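> Please find one structure pasted underneath; my questions will follow.
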Amino acid sequence: MAGNRYPLEVRPVIPEALARLHDLSGNLIYSWDRRVRGLFRRIDSDLWDRCGHNPKVFLRRVPQERFEALAQDADFLAEYNAALMAFDQYHEATNPKIRRVDGLDPATDAIAYFCMEYGLHESLHLYSGGLGILAGDHCKAAADIGLPFTAVGLMYRQGYFTQTVDAEGWQQAHYLPVELADEPITPARDADGNDLRITVPFPKRDVHVRVWQALVGHVRILLLDTELDENATDDRAITYQLYGGDTGTRIAQEIVLGIGGVRALRALGLAPSVWHINEGHPAFSILERCREQVAAGLDFDAALEAVAAATVFTTHTPVPAGHDLFPHDLMTKHFRGYTDALGISLERFLDLGDSPQDEGHFNMTALALRGSRRHNGVSRIHGDTAATMERYLWPEVPASENPITYVTNGVHIPTFLARDWADLFDGTLPGWRSHLCDESFWREGIDAIPSQRFWSVRQLLKGHLMTALSERLTADYTRRHVSRARIRSMQQALSPENTQTLVIGFARRFATYKRALLLFRDPERLARLLGDPERPVIILFAGKAHPKDEPGQGLIHEIVQRSSEPAFRDRVFFLEGYGMTLARRLVTGVDVWLNNPEYPMEASGTSGQKAAANGVLNLSVLDGWWAEGFNGENGWAVEPHAVGIDPEERDDVEAEELLDLLEYEVIPSWFSGDGGVPEDWIARARASITSILPRFNAERMVFEYAHRLYRPAAEHGRRLAAKDGARARALGEWKRRIRERWRGVGLHWAEAPPGAARTSEPVRLAVAVHLGGLAAEDIRVECVLDLSHDGTDAEPRIERFTLAPDASHETRFELELDDLPNGLLHMRVRAYPWHEDLAHPFEMGLMTWL
């Protein structure tokens, strides 16, 4: 009888000459620095791939004799030293770009960034999808430009699930435990050099938390871990799985992230001047910071003002299910004692999460909005959608004017730009990494690349993709017991020499609103377009559905089933195991990136930006970022149909338009070169890079956050915190008084407004205001002028009334209008509370109209 097998890893001793390979493996700069990754690949390319591009695992498994040989290899040592020199310069240099962010001092200011997940590299299992990739890109760009930035997350022992597809086409979720020794992390240390530990309050106990750190260039990500012997079994499992468990697990994770995150920063002696909450999951950090302020002597209203002034909140999803709601009884269980520390009643506490979505639940998005003063969506359309969704917080203010703005997402170009493009740019666009946001630099540089050379890079990347897909699908099909004949047929269709086939990619989370099956609404027409032997087309699908999302899993099943039908065999493929490795292959190697969400449900989307930067053409519904990026020459767009029409009718119409674009524009453009270089396609691909790369990159995004949100938040926070929070106290008291008395505020005309005026004749208006016990200085009165002649002006002219001398018992405000255009205009008059320390004039949500 055979005995058990026990693993034994015999680890090499790295020669002194190569000792700093450990430094290069311990900083996630390798996720975007190709010199570092190239160094590892040169050591042993096959082993590098087998280790999943994980440097820590890789260095433990390189044969000793290989290291000994490399330590004597002059060429390798030169490459090694060049990588080290660049690595050291990156960390030692003071990046001059930070000087563009006036008001943020790298020496004194610090930005704390909280998120539930981080997608940095396949070697760190802390992400599930778009939110995590965006957070990872945010950290990388912050590191590149030298922002004083510390991120906070959770150290999952299992991460998100690994996906396979069974023989019937159903998604299977596999949860694989993570070995911390394999992760690019180290223990965070306190001032005495000890492993950092904190505690987080839970009902009738404290939960102990260990703090790890991951280095991302200059940026440090603190990762909180409850898998400690001193914790109870259930508490040890809090940080076990990303987006796993029930509501009780989710609230426990968010308590550890929000409250524990603040405590971890404090334990390291950090005092951030800006706190950025990325999605609602970390919003409990607001409560912990309020608790600190109350303990320091402020009442809760003043504490909330001080905390909110320095807080930025980004919301990412217009889908109601994407906003965490916790039952009131669960909140009461966890926070009844916390309310005493805040000095407020349980009712007042629960009001912080009040929303119309579910009156019996606490809404984390509502808490994040009430506990911040700068809020943004992640594209122009999403900013408008979020402003409408959350208008209950500013009920008397038009949604178009409430405080929710937008910063459109961008992607980290050094991470997602293919090596072949980077090598070409190094030779033809020297210094390109320092010109990521310079549109003229990219337009001139890309246009100067000869068409044949441009096309050869695109085809080379496509060949790399075909090779990788053939290998991946061969393994998948073999595991699923697919016939050898079908495997050979697939391999032929995906031959790396078969680059004349038009390849379309669709890869994203499988949620129903993303409409993965839209093209299949007319299967006969789609089969005809894909199956033309003179103009062959392939569509690649990839993505995961949440294990509890049965409709999403049903979409995957149907695509797998369709791919087996004779009409779509070797023309439609589903690729299991979507992750960062496969994503990089797809966004660099396909010809067209397809995205057809249900408008306006795509908050931003960034995969299409990655594709466009690599010369791939987008074919997308005008939603999310593409509504800002499409210019008529850099891809193709489907105009979304009116919201509110029958969904089936809308899907039929948009599917037909999508197929029309494929048949009459996309496919003819691709095959216009008659086997040679298709100049029309190349012109669009050039336009894709030049119009999208410099506008939709993470460096632009982070600079925009720094200028528009971080800097004013830091300044506002400092102002309210000065002199032991004197302004925060005054503002909190002022808001209490306004809320108590606003119902008594009213407007009426002191003089009847004129119904007509002559050209160039000034129009004088006078309004009487009943203050209801407030002072005249507490309000502003404005005239909103609609100049569109039909009452639909999206950007009306705003004129402010001035307080008239007190000539009667009424408080009178007057305004003189001049330079009015001819035609029928529309006037509206409004009053709202105003204070010099408000972050936004309408942040209280109170407004009275005449």
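Scheme for the structure tokens: letters A, B, ... for chains in order shown; per-chain residue numbers from 1; ligand numbers from 1 in order shown.
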With a distance cut-off of 6 Å and only C-alpha atoms, select the neighbouring residues of Val312 (chain A), excluding the residue or stretch itself and same-chain residues fewer than 3 positions from it, and output the selection as a PyMOL selection string.
chain A and resi 276+372+374-375
> Could you write out, as a list in words, all the residues of region 407-651 of chain A that DSSP marks as strand (DSSP E)?
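The strand (DSSP E) residues within region 407-651 of chain A come out as Leu502, Val503, Ile504, Gly505, Phe506, Ala507, Val537, Ile538, Ile539, Leu540, Phe541, Ala542, Val572, Phe573, Phe574, Leu575, Val592, Trp593, Leu594, Asn595, Leu617, Asn618, Leu619, Ser620, Val621, Gly635, Trp636, Ala637 and Val638 of chain A.
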> Can those selected residues be exported to a file as a PDB file, in the first residue's frame so that it contains N, CA and C atoms?

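Once written, part-v4.pdb looks like this:
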ATOM      1  N   LEU A 502     -11.152  38.162 -38.802  1.00  0.00           N
ATOM      2  CA  LEU A 502     -11.516  39.259 -37.908  1.00  0.00           C
ATOM      3  C   LEU A 502     -11.913  38.671 -36.559  1.00  0.00           C
ATOM      4  N   VAL A 503     -11.267  39.123 -35.498  1.00  0.00           N
ATOM      5  CA  VAL A 503     -11.517  38.586 -34.155  1.00  0.00           C
ATOM      6  C   VAL A 503     -12.151  39.665 -33.284  1.00  0.00           C
ATOM      7  N   ILE A 504     -13.309  39.350 -32.739  1.00  0.00           N
ATOM      8  CA  ILE A 504     -14.060  40.264 -31.873  1.00  0.00           C
ATOM      9  C   ILE A 504     -14.005  39.730 -30.456  1.00  0.00           C
ATOM     10  N   GLY A 505     -13.761  40.583 -29.487  1.00  0.00           N
ATOM     11  CA  GLY A 505     -13.688  40.167 -28.095  1.00  0.00           C
ATOM     12  C   GLY A 505     -14.791  40.785 -27.245  1.00  0.00           C
ATOM     13  N   PHE A 506     -15.379  39.952 -26.393  1.00  0.00           N
ATOM     14  CA  PHE A 506     -16.369  40.407 -25.404  1.00  0.00           C
ATOM     15  C   PHE A 506     -15.969  39.756 -24.086  1.00  0.00           C
ATOM     16  N   ALA A 507     -15.421  40.539 -23.152  1.00  0.00           N
ATOM     17  CA  ALA A 507     -14.936  39.970 -21.893  1.00  0.00           C
ATOM     18  C   ALA A 507     -15.276  40.921 -20.763  1.00  0.00           C
ATOM     19  N   VAL A 537     -15.105  35.526 -39.487  1.00  0.00           N
ATOM     20  CA  VAL A 537     -15.150  36.322 -38.251  1.00  0.00           C
ATOM     21  C   VAL A 537     -15.264  35.367 -37.065  1.00  0.00           C
ATOM     22  N   ILE A 538     -14.550  35.666 -35.989  1.00  0.00           N
ATOM     23  CA  ILE A 538     -14.603  34.895 -34.745  1.00  0.00           C
ATOM     24  C   ILE A 538     -15.000  35.834 -33.612  1.00  0.00           C
ATOM     25  N   ILE A 539     -15.829  35.344 -32.681  1.00  0.00           N
ATOM     26  CA  ILE A 539     -16.165  36.105 -31.481  1.00  0.00           C
ATOM     27  C   ILE A 539     -15.698  35.312 -30.262  1.00  0.00           C
ATOM     28  N   LEU A 540     -14.947  35.979 -29.400  1.00  0.00           N
ATOM     29  CA  LEU A 540     -14.431  35.388 -28.162  1.00  0.00           C
ATOM     30  C   LEU A 540     -15.192  35.967 -26.978  1.00  0.00           C
ATOM     31  N   PHE A 541     -15.744  35.097 -26.153  1.00  0.00           N
ATOM     32  CA  PHE A 541     -16.423  35.519 -24.934  1.00  0.00           C
ATOM     33  C   PHE A 541     -15.618  35.036 -23.727  1.00  0.00           C
ATOM     34  N   ALA A 542     -15.538  35.873 -22.693  1.00  0.00           N
ATOM     35  CA  ALA A 542     -14.889  35.480 -21.442  1.00  0.00           C
ATOM     36  C   ALA A 542     -15.499  36.294 -20.316  1.00  0.00           C
ATOM     37  N   VAL A 572     -17.553  30.887 -32.556  1.00  0.00           N
ATOM     38  CA  VAL A 572     -17.856  31.448 -31.236  1.00  0.00           C
ATOM     39  C   VAL A 572     -17.148  30.587 -30.197  1.00  0.00           C
ATOM     40  N   PHE A 573     -16.404  31.225 -29.316  1.00  0.00           N
ATOM     41  CA  PHE A 573     -15.679  30.512 -28.272  1.00  0.00           C
ATOM     42  C   PHE A 573     -15.949  31.166 -26.921  1.00  0.00           C
ATOM     43  N   PHE A 574     -16.097  30.329 -25.898  1.00  0.00           N
ATOM     44  CA  PHE A 574     -16.113  30.839 -24.527  1.00  0.00           C
ATOM     45  C   PHE A 574     -14.823  30.410 -23.852  1.00  0.00           C
ATOM     46  N   LEU A 575     -14.126  31.381 -23.252  1.00  0.00           N
ATOM     47  CA  LEU A 575     -12.839  31.150 -22.600  1.00  0.00           C
ATOM     48  C   LEU A 575     -13.032  31.182 -21.099  1.00  0.00           C
ATOM     49  N   VAL A 592     -11.509  43.858 -32.541  1.00  0.00           N
ATOM     50  CA  VAL A 592     -12.658  44.692 -32.149  1.00  0.00           C
ATOM     51  C   VAL A 592     -13.026  44.349 -30.714  1.00  0.00           C
ATOM     52  N   TRP A 593     -13.305  45.386 -29.924  1.00  0.00           N
ATOM     53  CA  TRP A 593     -13.765  45.184 -28.549  1.00  0.00           C
ATOM     54  C   TRP A 593     -15.249  45.529 -28.504  1.00  0.00           C
ATOM     55  N   LEU A 594     -16.051  44.520 -28.159  1.00  0.00           N
ATOM     56  CA  LEU A 594     -17.509  44.656 -28.198  1.00  0.00           C
ATOM     57  C   LEU A 594     -18.045  44.930 -26.795  1.00  0.00           C
ATOM     58  N   ASN A 595     -18.943  45.905 -26.691  1.00  0.00           N
ATOM     59  CA  ASN A 595     -19.596  46.198 -25.410  1.00  0.00           C
ATOM     60  C   ASN A 595     -20.992  46.726 -25.720  1.00  0.00           C
ATOM     61  N   LEU A 617     -10.207  48.441 -32.046  1.00  0.00           N
ATOM     62  CA  LEU A 617     -11.332  49.335 -32.281  1.00  0.00           C
ATOM     63  C   LEU A 617     -12.526  48.924 -31.432  1.00  0.00           C
ATOM     64  N   ASN A 618     -13.138  49.903 -30.796  1.00  0.00           N
ATOM     65  CA  ASN A 618     -14.323  49.656 -29.972  1.00  0.00           C
ATOM     66  C   ASN A 618     -15.580  49.679 -30.822  1.00  0.00           C
ATOM     67  N   LEU A 619     -16.454  48.736 -30.536  1.00  0.00           N
ATOM     68  CA  LEU A 619     -17.809  48.693 -31.089  1.00  0.00           C
ATOM     69  C   LEU A 619     -18.729  48.613 -29.887  1.00  0.00           C
ATOM     70  N   SER A 620     -19.343  49.738 -29.536  1.00  0.00           N
ATOM     71  CA  SER A 620     -20.012  49.801 -28.235  1.00  0.00           C
ATOM     72  C   SER A 620     -21.240  50.689 -28.275  1.00  0.00           C
ATOM     73  N   VAL A 621     -22.165  50.369 -27.376  1.00  0.00           N
ATOM     74  CA  VAL A 621     -23.269  51.282 -27.093  1.00  0.00           C
ATOM     75  C   VAL A 621     -22.691  52.550 -26.470  1.00  0.00           C
ATOM     76  N   GLY A 635     -13.698  54.119 -34.025  1.00  0.00           N
ATOM     77  CA  GLY A 635     -14.456  52.907 -33.734  1.00  0.00           C
ATOM     78  C   GLY A 635     -15.872  53.080 -34.227  1.00  0.00           C
ATOM     79  N   TRP A 636     -16.799  52.343 -33.612  1.00  0.00           N
ATOM     80  CA  TRP A 636     -18.192  52.416 -34.019  1.00  0.00           C
ATOM     81  C   TRP A 636     -19.090  52.490 -32.783  1.00  0.00           C
ATOM     82  N   ALA A 637     -20.246  53.095 -32.941  1.00  0.00           N
ATOM     83  CA  ALA A 637     -21.125  53.313 -31.794  1.00  0.00           C
ATOM     84  C   ALA A 637     -22.564  52.985 -32.142  1.00  0.00           C
ATOM     85  N   VAL A 638     -23.244  52.411 -31.163  1.00  0.00           N
ATOM     86  CA  VAL A 638     -24.688  52.175 -31.243  1.00  0.00           C
ATOM     87  C   VAL A 638     -25.368  53.217 -30.374  1.00  0.00           C
TER      88      VAL A 638
END
> Please report, as JSON, numbers by chain, each residue of region 598-703 of chain A to which DSSP assigns alpha helix (DSSP H) when run on this structure's backbone.
{"A": [607, 608, 609, 610, 611, 612, 613, 626, 627, 628, 629, 647, 648, 649, 650, 651, 652, 653, 654, 655, 656, 657, 658, 659, 660, 661, 667, 668, 669, 670, 679, 680, 681, 682, 683, 684, 685, 686, 687, 688, 689, 690, 691, 692, 698, 699, 700, 701, 702, 703]}
> With a distance cut-off of 7 Å and only C-alpha atoms, select the neighbouring residues of Val152 (chain A), excluding the residue or stretch itself and same-chain residues fewer than 3 positions from it, and output the selection as a PyMOL selection string.
chain A and resi 113-115+221-223+261
> Within 7 Å of region 10-14 of chain A, counting only C-alpha atoms, which residues show up once you throw out same-chain ones fewer than 3 positions away? Write them as a list of chain:residue names, please.
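Selected residues are A:Leu18, A:Ala19, A:Arg60, A:Arg61, A:Val62, A:Pro63, A:Gln64, A:Phe67.
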> Using only all heavy atoms, please write the residues we just selected to a file, as an mmCIF file, in the first residue's frame.

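What ended up in part06.cif:
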data_model
loop_
_atom_site.group_PDB
_atom_site.id
_atom_site.type_symbol
_atom_site.label_atom_id
_atom_site.label_comp_id
_atom_site.auth_asym_id
_atom_site.auth_seq_id
_atom_site.Cartn_x
_atom_site.Cartn_y
_atom_site.Cartn_z
ATOM 1 N N LEU A 18 23.298 38.405 -7.055
ATOM 2 C CA LEU A 18 21.907 38.548 -7.495
ATOM 3 C C LEU A 18 20.956 38.751 -6.319
ATOM 4 O O LEU A 18 19.751 38.586 -6.444
ATOM 5 C CB LEU A 18 21.472 37.303 -8.280
ATOM 6 C CG LEU A 18 22.331 36.914 -9.486
ATOM 7 C CD1 LEU A 18 21.824 35.624 -10.096
ATOM 8 C CD2 LEU A 18 22.334 38.028 -10.529
ATOM 9 N N ALA A 19 21.490 39.143 -5.166
ATOM 10 C CA ALA A 19 20.710 39.167 -3.927
ATOM 11 C C ALA A 19 19.504 40.084 -4.014
ATOM 12 O O ALA A 19 18.474 39.830 -3.377
ATOM 13 C CB ALA A 19 21.603 39.581 -2.760
ATOM 14 N N ARG A 60 11.911 30.754 -5.605
ATOM 15 C CA ARG A 60 12.141 29.594 -4.737
ATOM 16 C C ARG A 60 12.346 28.309 -5.526
ATOM 17 O O ARG A 60 12.753 27.301 -4.954
ATOM 18 C CB ARG A 60 10.950 29.405 -3.786
ATOM 19 C CG ARG A 60 10.711 30.552 -2.818
ATOM 20 C CD ARG A 60 9.925 30.058 -1.597
ATOM 21 N NE ARG A 60 8.730 29.317 -1.955
ATOM 22 C CZ ARG A 60 7.500 29.827 -1.993
ATOM 23 N NH1 ARG A 60 7.318 31.106 -1.692
ATOM 24 N NH2 ARG A 60 6.465 29.077 -2.304
ATOM 25 N N ARG A 61 12.084 28.347 -6.824
ATOM 26 C CA ARG A 61 12.085 27.104 -7.594
ATOM 27 C C ARG A 61 13.110 27.093 -8.735
ATOM 28 O O ARG A 61 13.194 26.114 -9.482
ATOM 29 C CB ARG A 61 10.680 26.824 -8.128
ATOM 30 C CG ARG A 61 9.688 26.604 -6.985
ATOM 31 C CD ARG A 61 8.298 26.290 -7.446
ATOM 32 N NE ARG A 61 7.404 26.150 -6.301
ATOM 33 C CZ ARG A 61 6.090 26.022 -6.381
ATOM 34 N NH1 ARG A 61 5.507 25.996 -7.571
ATOM 35 N NH2 ARG A 61 5.352 25.904 -5.278
ATOM 36 N N VAL A 62 13.825 28.187 -8.891
ATOM 37 C CA VAL A 62 14.873 28.204 -9.915
ATOM 38 C C VAL A 62 15.999 27.265 -9.477
ATOM 39 O O VAL A 62 16.448 27.309 -8.325
ATOM 40 C CB VAL A 62 15.411 29.636 -10.107
ATOM 41 C CG1 VAL A 62 16.601 29.641 -11.068
ATOM 42 C CG2 VAL A 62 14.304 30.546 -10.630
ATOM 43 N N PRO A 63 16.486 26.393 -10.350
ATOM 44 C CA PRO A 63 17.585 25.494 -9.970
ATOM 45 C C PRO A 63 18.821 26.270 -9.524
ATOM 46 O O PRO A 63 19.154 27.324 -10.086
ATOM 47 C CB PRO A 63 17.858 24.707 -11.266
ATOM 48 C CG PRO A 63 16.580 24.785 -12.039
ATOM 49 C CD PRO A 63 15.992 26.130 -11.720
ATOM 50 N N GLN A 64 19.495 25.743 -8.510
ATOM 51 C CA GLN A 64 20.679 26.406 -7.973
ATOM 52 C C GLN A 64 21.727 26.634 -9.060
ATOM 53 O O GLN A 64 22.343 27.706 -9.134
ATOM 54 C CB GLN A 64 21.281 25.556 -6.845
ATOM 55 C CG GLN A 64 22.467 26.210 -6.148
ATOM 56 C CD GLN A 64 22.047 27.406 -5.306
ATOM 57 O OE1 GLN A 64 21.094 27.318 -4.546
ATOM 58 N NE2 GLN A 64 22.732 28.538 -5.458
ATOM 59 N N PHE A 67 21.068 29.766 -11.126
ATOM 60 C CA PHE A 67 21.495 31.001 -10.465
ATOM 61 C C PHE A 67 23.006 31.156 -10.510
ATOM 62 O O PHE A 67 23.528 32.258 -10.740
ATOM 63 C CB PHE A 67 21.019 31.015 -9.016
ATOM 64 C CG PHE A 67 19.612 31.527 -8.826
ATOM 65 C CD1 PHE A 67 18.732 30.884 -7.958
ATOM 66 C CD2 PHE A 67 19.166 32.646 -9.504
ATOM 67 C CE1 PHE A 67 17.448 31.347 -7.778
ATOM 68 C CE2 PHE A 67 17.872 33.124 -9.327
ATOM 69 C CZ PHE A 67 17.013 32.472 -8.471
#
> Expressed in Å to a single decimal, how great is the separation between CA of Ser604 (chain A) and CA of Val378 (chain A)?
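Distance reported for this atom pair: 5.7 Å.
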> Find the residues around Val209 (chain A) up to 9 Å (only C-alpha atoms counted), leave out those fewer than 3 positions away in its own chain, and share them as a PyMOL selection string.
chain A and resi 196-200+224-228+231+256+260
> For those residues, write all heavy atoms to a file as a compact mmCIF listing (two decimals), in the first residue's frame.

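Just written: again_31.txt:
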# COMPACT_ATOMS: atom_id res chain seq x y z
N LEU A 196 2.47 44.64 13.25
CA LEU A 196 1.38 45.55 13.66
C LEU A 196 0.10 44.76 13.90
O LEU A 196 -0.36 44.00 13.03
CB LEU A 196 1.15 46.60 12.58
CG LEU A 196 0.09 47.65 12.88
CD1 LEU A 196 0.47 48.46 14.12
CD2 LEU A 196 -0.09 48.58 11.69
N ARG A 197 -0.48 44.94 15.08
CA ARG A 197 -1.77 44.33 15.43
C ARG A 197 -2.69 45.44 15.93
O ARG A 197 -2.25 46.37 16.61
CB ARG A 197 -1.61 43.29 16.54
CG ARG A 197 -0.62 42.17 16.23
CD ARG A 197 -1.18 41.19 15.22
NE ARG A 197 -0.27 40.07 14.98
CZ ARG A 197 -0.36 38.89 15.57
NH1 ARG A 197 -1.31 38.67 16.47
NH2 ARG A 197 0.48 37.92 15.28
N ILE A 198 -3.96 45.32 15.60
CA ILE A 198 -4.97 46.23 16.11
C ILE A 198 -6.17 45.41 16.55
O ILE A 198 -6.23 44.19 16.30
CB ILE A 198 -5.42 47.26 15.04
CG1 ILE A 198 -6.01 46.53 13.83
CG2 ILE A 198 -4.28 48.19 14.65
CD1 ILE A 198 -6.70 47.44 12.85
N THR A 199 -7.13 46.02 17.22
CA THR A 199 -8.39 45.37 17.56
C THR A 199 -9.54 46.19 17.02
O THR A 199 -9.45 47.43 16.91
CB THR A 199 -8.56 45.18 19.08
OG1 THR A 199 -8.52 46.47 19.71
CG2 THR A 199 -7.46 44.31 19.65
N VAL A 200 -10.62 45.50 16.68
CA VAL A 200 -11.82 46.14 16.16
C VAL A 200 -12.99 45.68 17.02
O VAL A 200 -13.15 44.49 17.28
CB VAL A 200 -12.06 45.75 14.68
CG1 VAL A 200 -13.35 46.38 14.16
CG2 VAL A 200 -10.88 46.18 13.82
N LEU A 224 -5.70 43.99 5.91
CA LEU A 224 -6.12 43.58 7.25
C LEU A 224 -6.54 42.12 7.24
O LEU A 224 -7.32 41.69 6.38
CB LEU A 224 -7.27 44.47 7.71
CG LEU A 224 -7.04 45.98 7.55
CD1 LEU A 224 -8.24 46.76 8.05
CD2 LEU A 224 -5.78 46.43 8.25
N ASP A 225 -6.06 41.37 8.23
CA ASP A 225 -6.21 39.92 8.25
C ASP A 225 -6.68 39.47 9.64
O ASP A 225 -6.03 39.77 10.65
CB ASP A 225 -4.84 39.31 7.93
CG ASP A 225 -4.81 37.79 7.97
OD1 ASP A 225 -5.89 37.18 7.94
OD2 ASP A 225 -3.69 37.24 8.02
N THR A 226 -7.81 38.76 9.70
CA THR A 226 -8.33 38.29 11.00
C THR A 226 -8.01 36.83 11.26
O THR A 226 -8.46 36.27 12.26
CB THR A 226 -9.86 38.48 11.07
OG1 THR A 226 -10.49 37.67 10.06
CG2 THR A 226 -10.25 39.94 10.88
N GLU A 227 -7.24 36.19 10.39
CA GLU A 227 -6.89 34.77 10.57
C GLU A 227 -5.80 34.67 11.64
O GLU A 227 -4.61 34.51 11.33
CB GLU A 227 -6.43 34.18 9.24
CG GLU A 227 -5.97 32.73 9.30
CD GLU A 227 -7.07 31.76 9.67
OE1 GLU A 227 -8.07 31.69 8.95
OE2 GLU A 227 -6.92 31.10 10.70
N LEU A 228 -6.22 34.80 12.90
CA LEU A 228 -5.29 34.78 14.03
C LEU A 228 -5.80 33.80 15.09
O LEU A 228 -7.01 33.67 15.31
CB LEU A 228 -5.16 36.18 14.65
CG LEU A 228 -4.54 37.26 13.76
CD1 LEU A 228 -4.70 38.62 14.40
CD2 LEU A 228 -3.08 36.96 13.50
N ASN A 231 -8.41 34.78 17.77
CA ASN A 231 -9.80 35.03 17.38
C ASN A 231 -10.62 33.74 17.40
O ASN A 231 -10.08 32.65 17.17
CB ASN A 231 -9.86 35.63 15.97
CG ASN A 231 -9.45 37.09 15.94
OD1 ASN A 231 -9.63 37.81 16.92
ND2 ASN A 231 -8.91 37.52 14.81
N VAL A 256 -14.40 45.59 9.67
CA VAL A 256 -12.95 45.45 9.75
C VAL A 256 -12.27 46.42 8.78
O VAL A 256 -11.28 47.09 9.14
CB VAL A 256 -12.53 43.99 9.45
CG1 VAL A 256 -11.01 43.88 9.29
CG2 VAL A 256 -13.00 43.07 10.57
N GLY A 260 -11.37 49.14 11.23
CA GLY A 260 -10.01 48.63 11.37
C GLY A 260 -9.02 49.39 10.51
O GLY A 260 -7.86 49.59 10.92
> When you look at Ala698 (chain A) with a cut-off of 7 Å (counting only C-alpha atoms), what residues show up, excluding the ones that are within fewer than 2 positions of it in the same chain? I need them as a list of chain:residue names.
A:Asp137, A:His138, A:Ala141, A:Gly410, A:Val411, A:His412, A:Phe696, A:Arg700, A:Met701, A:Val702
> My list of candidates is A:Leu126, A:Leu586, A:Ala167, A:Ala181. Which is closest to Pro55 (chain A) when distances are computed with only C-alpha atoms?
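Using only C-alpha atoms, the shortest distance to Pro55 (chain A) belongs to A:Ala181.
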> Can you pull out the residues contacting region 722-734 of chain A? Cut-off 12 Å, using only C-alpha atoms, and skip same-chain residues under 5 positions away; I want them as a ChimeraX atom specification.
/A:293-294,296-310,715-717,739-742,774-775,777-779,833-839,844
> Which residues of region 581-646 of chain A have any atom within 12 Å of an atom in region 460-470 of chain A when counting only C-alpha atoms, and what is the closest pair of atoms for each, with the distance in Å to one decimal? Order the rows by chain and rising number and write it as a Markdown table.

| residue | atom | partner | partner_atom | distance |
| --- | --- | --- | --- | --- |
| A:Thr581 | CA | A:Ala468 | CA | 10.5 |
| A:Leu582 | CA | A:Ala468 | CA | 8.8 |
| A:Ala583 | CA | A:Leu465 | CA | 10.5 |
| A:Arg584 | CA | A:Leu465 | CA | 9.5 |
| A:Arg585 | CA | A:Leu465 | CA | 5.7 |
| A:Leu586 | CA | A:Leu465 | CA | 6.8 |
| A:Val587 | CA | A:Leu465 | CA | 9.6 |
| A:Thr588 | CA | A:Leu461 | CA | 6.4 |
| A:Gly589 | CA | A:Lys462 | CA | 4.2 |
| A:Val590 | CA | A:Lys462 | CA | 6.2 |
| A:Asp591 | CA | A:Lys462 | CA | 7.9 |
| A:Val592 | CA | A:Lys462 | CA | 11.3 |
| A:Ala611 | CA | A:Leu461 | CA | 11.8 |
| A:Asn614 | CA | A:Leu461 | CA | 9.4 |
| A:Gly615 | CA | A:Leu461 | CA | 10.4 |
| A:Val616 | CA | A:Lys462 | CA | 10.5 |
> Print the selection's residues with C-alpha atoms to a file, as a PDB file, in the first residue's frame.

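Final output, saved to out.pdb:
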ATOM      1  CA  THR A 581      -3.440  37.223 -17.580  1.00  0.00           C
ATOM      2  CA  LEU A 582      -6.159  36.407 -20.108  1.00  0.00           C
ATOM      3  CA  ALA A 583      -7.447  39.987 -20.049  1.00  0.00           C
ATOM      4  CA  ARG A 584      -4.050  41.345 -21.116  1.00  0.00           C
ATOM      5  CA  ARG A 585      -3.979  38.896 -24.011  1.00  0.00           C
ATOM      6  CA  LEU A 586      -7.471  39.804 -25.151  1.00  0.00           C
ATOM      7  CA  VAL A 587      -7.261  43.595 -24.967  1.00  0.00           C
ATOM      8  CA  THR A 588      -4.007  43.564 -26.911  1.00  0.00           C
ATOM      9  CA  GLY A 589      -4.756  40.847 -29.458  1.00  0.00           C
ATOM     10  CA  VAL A 590      -8.361  41.093 -30.672  1.00  0.00           C
ATOM     11  CA  ASP A 591      -9.334  43.390 -33.528  1.00  0.00           C
ATOM     12  CA  VAL A 592     -12.658  44.692 -32.149  1.00  0.00           C
ATOM     13  CA  ALA A 611      -8.041  47.739 -25.941  1.00  0.00           C
ATOM     14  CA  ASN A 614      -3.387  48.904 -28.133  1.00  0.00           C
ATOM     15  CA  GLY A 615      -4.949  49.895 -31.457  1.00  0.00           C
ATOM     16  CA  VAL A 616      -8.096  47.786 -31.026  1.00  0.00           C
TER      17      VAL A 616
END
> From the list A:His770, A:Arg380, A:Arg236, A:His840, which residue is nearest Thr811 (chain A) when using only C-alpha atoms?
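Once distances to Thr811 (chain A) are computed over only C-alpha atoms, the minimum belongs to A:His770.
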> Taking into account only C-alpha atoms, which residue in the set A:Ala83, A:Asp438, A:Gly38, A:Gly823 is nearest to Ala756 (chain A)?
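Ranked by minimum distance to Ala756 (chain A), first place goes to A:Gly823.
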> Pick out the closest residue to Glu628 (chain A) from this set: A:Ala485, A:Ile692, A:Ala71, A:Ala188. Count only C-alpha atoms.
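For Glu628 (chain A), the nearest of the given residues is A:Ile692.
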> For Thr247 (chain A), which residue out of A:Arg189, A:His361, A:His121, A:Arg291 is the nearest one, using only C-alpha atoms?
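Answer, going by the shortest atom-to-atom distance: A:His361.
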